[in-house]
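Below is one structure; the comments refer to it alone.
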Amino acid sequence: MTHPTPHAAAPRTGAEASDPLPKIKFAPRDDFRVELRRRVEAFLETSGRRSRDCSSMYMKTAIMLAWFVTSYVLLVFVAWTWWQGLGLAVLLGLAASGIGFGIQHDGGHGAYSARPWINKLMALSLDLLGGSSYLWHWKHVSYHHTYVNITGHDTDIDLGGIVRLTPHQPRLMFHRWQHWYIWPLYGFMAIRWHLFSDFQEVIAGKMGGRPFPRPRNWDLVAFIAGKVIFVTIAFGIPLLVRPVWIVAMYYVVATLVLGIVLSIVFQLAHCVEEAEFPMPEGDSGKIENAWAIHQVETTVDFARRSRFASWLLGGLNFQIEHHLFPRICHVHYPAISKVVEQTCLDYGVKYNEHKTFLAGVASHFRWLRRMGAAAPRA
């Protein structure tokens, strides 16, 4: 039985080829990656697991979509008290994040099914949530997964100067308070997608200062159609039965929940004390470690023993496993994490984890405080 191989560095084509940044070159010899892939493939083979098209994944999809639709219908057509509306808006935001983590994410990585059209369909669920699966592919799959935690290359750690996440980004005076002010601002990430950044990036053809090919043909149709459908779901239908201020209030509540959950889960995997932030050597673009070792040492797992966290977060508490095997369905991450951890131990590769979600949050808080602190005087 053949299983998907780890995601390799994306080729530089189109607009990306004109990128002035040097091309990153990982160390060529990677015995660790070869052995790790062999062990994981053997584990899937002997345990009789299908790397994709898993029945539990299809069941989870049905549950997530039912949760979203039920929360939406009750919020728009049934809730008549503020406390009912508030609770349902929170549930709707959590359901949206669950779809992003547990359905869209696997589909966007090709990990949901062996059939490309099913993966595409699942990836498009992000467009229904107000995002863009096309932009997400470039920002997350191409730039983040290939160049994880490399300042200037990984667009997911570039928040436009609002916060300093790496020791290689410039420190501004107001960063000294970032470990306090950033938490509510995380909530505005999704609102920013909906109302501004997606349109700005498509028009400019850049994200985080890096060029990318603007969507064309069916990709452009999907982008526009997704925005129209989202506006209809978020505002058009509710305004038929609710006052403007009610619709606006619950939109903000649900979207803040979505943004906070998405942001914090990402930050706990990469922007914590235990993660590495390597830089290429001079203008050569060379990274000291091979690709697979780089993925492990720049990523941190959390709450690995929590079945609830693994289910709700689409296995993204197992980010090490996800970065090494992004085309294996996330329902297998808890099982293969034991194989990955043992292989890391055998090869002397640093495998980091936080035992609980709160331990990860605390580490992120301390990292933000460290990155915002002024450099000690000589």
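Convention: chains lettered A, B, ... in structure tokens order; per-chain residue numbering from 1; ligands numbered from 1 as shown.
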
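Those residues that approach Lys60 of chain A to within 12 Å, counting only C-alpha atoms, are Cys54, Ser55, Ser56, Met64, Leu65, Ala66, Trp67, Ala95, Gly98, Ile99, Phe101, Gly102, Ile103, Tyr112, Ser310, Trp311, Leu312, Leu313, Gly314, His330 and Val331 of chain A; same-chain residues fewer than 4 positions away are not listed.
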
At a cut-off of 9 Å, can you tabulate as JSON lines every residue of segment 150-235 of chain A near segment 279-293 of chain A together with its closest atom pair and the distance in Å to one decimal, using only C-alpha atoms and ordering rows by chain then number?
{"residue": "A:Ile150", "atom": "CA", "partner": "A:Met279", "partner_atom": "CA", "distance": 5.9}
{"residue": "A:Thr151", "atom": "CA", "partner": "A:Met279", "partner_atom": "CA", "distance": 7.0}
{"residue": "A:His168", "atom": "CA", "partner": "A:Met279", "partner_atom": "CA", "distance": 8.3}

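Across A:Ala190, A:Ala335, A:Val231, A:Ala62, the tightest approach to Arg49 of chain A is made by A:Ala335 when counting only C-alpha atoms.
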
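Going from atom CA of Tyr347 of chain A over to atom CA of Arg304 of chain A, you cover 21.4 Å.
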
Could you make a table, as a tab-separated table, of the residues of segment 235-268 of chain A that have an atom within 12 Å of an atom of segment 124-148 of chain A, each with its nearest atom pair and distance in Å to one decimal, counting only C-alpha atoms, in chain and number order?
residue	atom	partner	partner_atom	distance
A:Phe235	CA	A:Gly130	CA	11.6
A:Tyr251	CA	A:Gly130	CA	11.7
A:Ala254	CA	A:Leu129	CA	11.1
A:Thr255	CA	A:Leu129	CA	9.6
A:Leu258	CA	A:Leu129	CA	9.8
A:Gly259	CA	A:Gly131	CA	11.4
A:Phe266	CA	A:His140	CA	11.0

key: Best match for closeness to Gln84 of chain A among A:Gly161, A:Ser71, A:Asp346, A:Trp367, counting only C-alpha atoms   = A:Ser71

When you look at Ser113 of chain A with a cut-off of 9 Å (counting only C-alpha atoms), what residues show up, excluding the ones that are within fewer than 5 positions of it in the same chain? I need them as a CSV table (one decimal) with C-alpha atoms, in the first residue's frame.
chain,number,residue,atom,x,y,z
A,51,SER,CA,-4.2,7.3,5.0
A,52,ARG,CA,-7.2,9.1,3.5
A,53,ASP,CA,-10.9,8.5,2.8
A,54,CYS,CA,-11.5,7.5,6.4
A,106,ASP,CA,-7.4,18.4,5.4
A,107,GLY,CA,-9.1,19.2,2.1
A,118,ILE,CA,-13.4,15.9,-3.0
A,119,ASN,CA,-10.4,17.6,-1.5
A,329,CYS,CA,-5.7,12.5,7.4

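Among the candidates A:Leu88, A:Leu240, A:Leu172, A:Ala123, the one nearest to Ala222 of chain A when counting only C-alpha atoms is A:Ala123.
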
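Interatomic distance, atom CA of Val90 of chain A to atom CA of Val76 of chain A: 13.3 Å.
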
ask   = Which polymer residues have any atom within 8 Å of an atom of Val296 of chain A, counting only C-alpha atoms, with same-chain residues fewer than 2 positions away left out, as number ranges by chain?
value = A: 292-294, 298-300, 320, 323-324, 349-351

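Taking atom CA of Phe174 of chain A and atom CA of Cys271 of chain A as endpoints, the distance between them is 18.8 Å.
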
key: Shell of 6 Å around Ala373 of chain A, only C-alpha atoms, local chain residues under 2 positions omitted, as a ChimeraX atom specification   = /A:176,370-371

Output N, CA and C atoms of each residue in that selection to a file, as an mmCIF file, in the first residue's frame.
data_model
loop_
_atom_site.group_PDB
_atom_site.id
_atom_site.type_symbol
_atom_site.label_atom_id
_atom_site.label_comp_id
_atom_site.auth_asym_id
_atom_site.auth_seq_id
_atom_site.Cartn_x
_atom_site.Cartn_y
_atom_site.Cartn_z
ATOM 1 N N ARG A 176 6.378 46.225 23.846
ATOM 2 C CA ARG A 176 6.588 45.881 25.261
ATOM 3 C C ARG A 176 5.292 45.453 25.940
ATOM 4 N N ARG A 370 8.905 38.092 26.012
ATOM 5 C CA ARG A 370 10.329 38.131 25.715
ATOM 6 C C ARG A 370 10.592 38.898 24.423
ATOM 7 N N MET A 371 9.785 38.648 23.388
ATOM 8 C CA MET A 371 9.976 39.328 22.107
ATOM 9 C C MET A 371 9.667 40.821 22.197
#

Backbone DSSP call of helix (DSSP H, G or I) for segment 181-310 of chain A, listed as JSON, numbers by chain = {"A": [181, 182, 183, 184, 185, 186, 188, 189, 190, 191, 192, 193, 194, 195, 196, 197, 198, 199, 200, 201, 202, 203, 204, 217, 218, 219, 220, 221, 222, 223, 224, 225, 226, 227, 228, 229, 230, 231, 232, 233, 234, 235, 236, 237, 238, 239, 244, 245, 246, 247, 248, 249, 250, 251, 252, 253, 254, 255, 256, 257, 258, 259, 260, 261, 262, 263, 264, 265, 266, 267, 268, 269, 270, 291, 292, 293, 294, 295, 296, 297, 307, 308, 309, 310]}

query = Could you name the residues that touch Leu268 of chain A at 10 Å or less, counting only C-alpha atoms, but leaving out those on the same chain fewer than 6 positions away, as a ChimeraX atom specification?
reply = /A:275,299-302,316-317,319,353-354,357-365

Can you pull out every residue from segment 85-291 of chain A that DSSP, working from the backbone, puts in strand (DSSP E), and format the result as a PDB file with C-alpha atoms, in the first residue's frame?
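The resulting file, selection_24.pdb, is reproduced below:
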ATOM      1  CA  LYS A 206       1.194  40.178  -2.653  1.00  0.00           C
ATOM      2  CA  MET A 207       0.835  38.725   0.829  1.00  0.00           C
ATOM      3  CA  ARG A 210       5.692  38.288  -1.071  1.00  0.00           C
ATOM      4  CA  PRO A 211       4.272  38.105  -4.616  1.00  0.00           C
ATOM      5  CA  LYS A 286      21.148  27.748   3.224  1.00  0.00           C
ATOM      6  CA  ILE A 287      19.447  26.366   6.327  1.00  0.00           C
ATOM      7  CA  GLU A 288      21.591  24.268   8.641  1.00  0.00           C
ATOM      8  CA  ASN A 289      19.141  21.382   9.044  1.00  0.00           C
ATOM      9  CA  ALA A 290      17.493  19.082   6.541  1.00  0.00           C
TER      10      ALA A 290
END
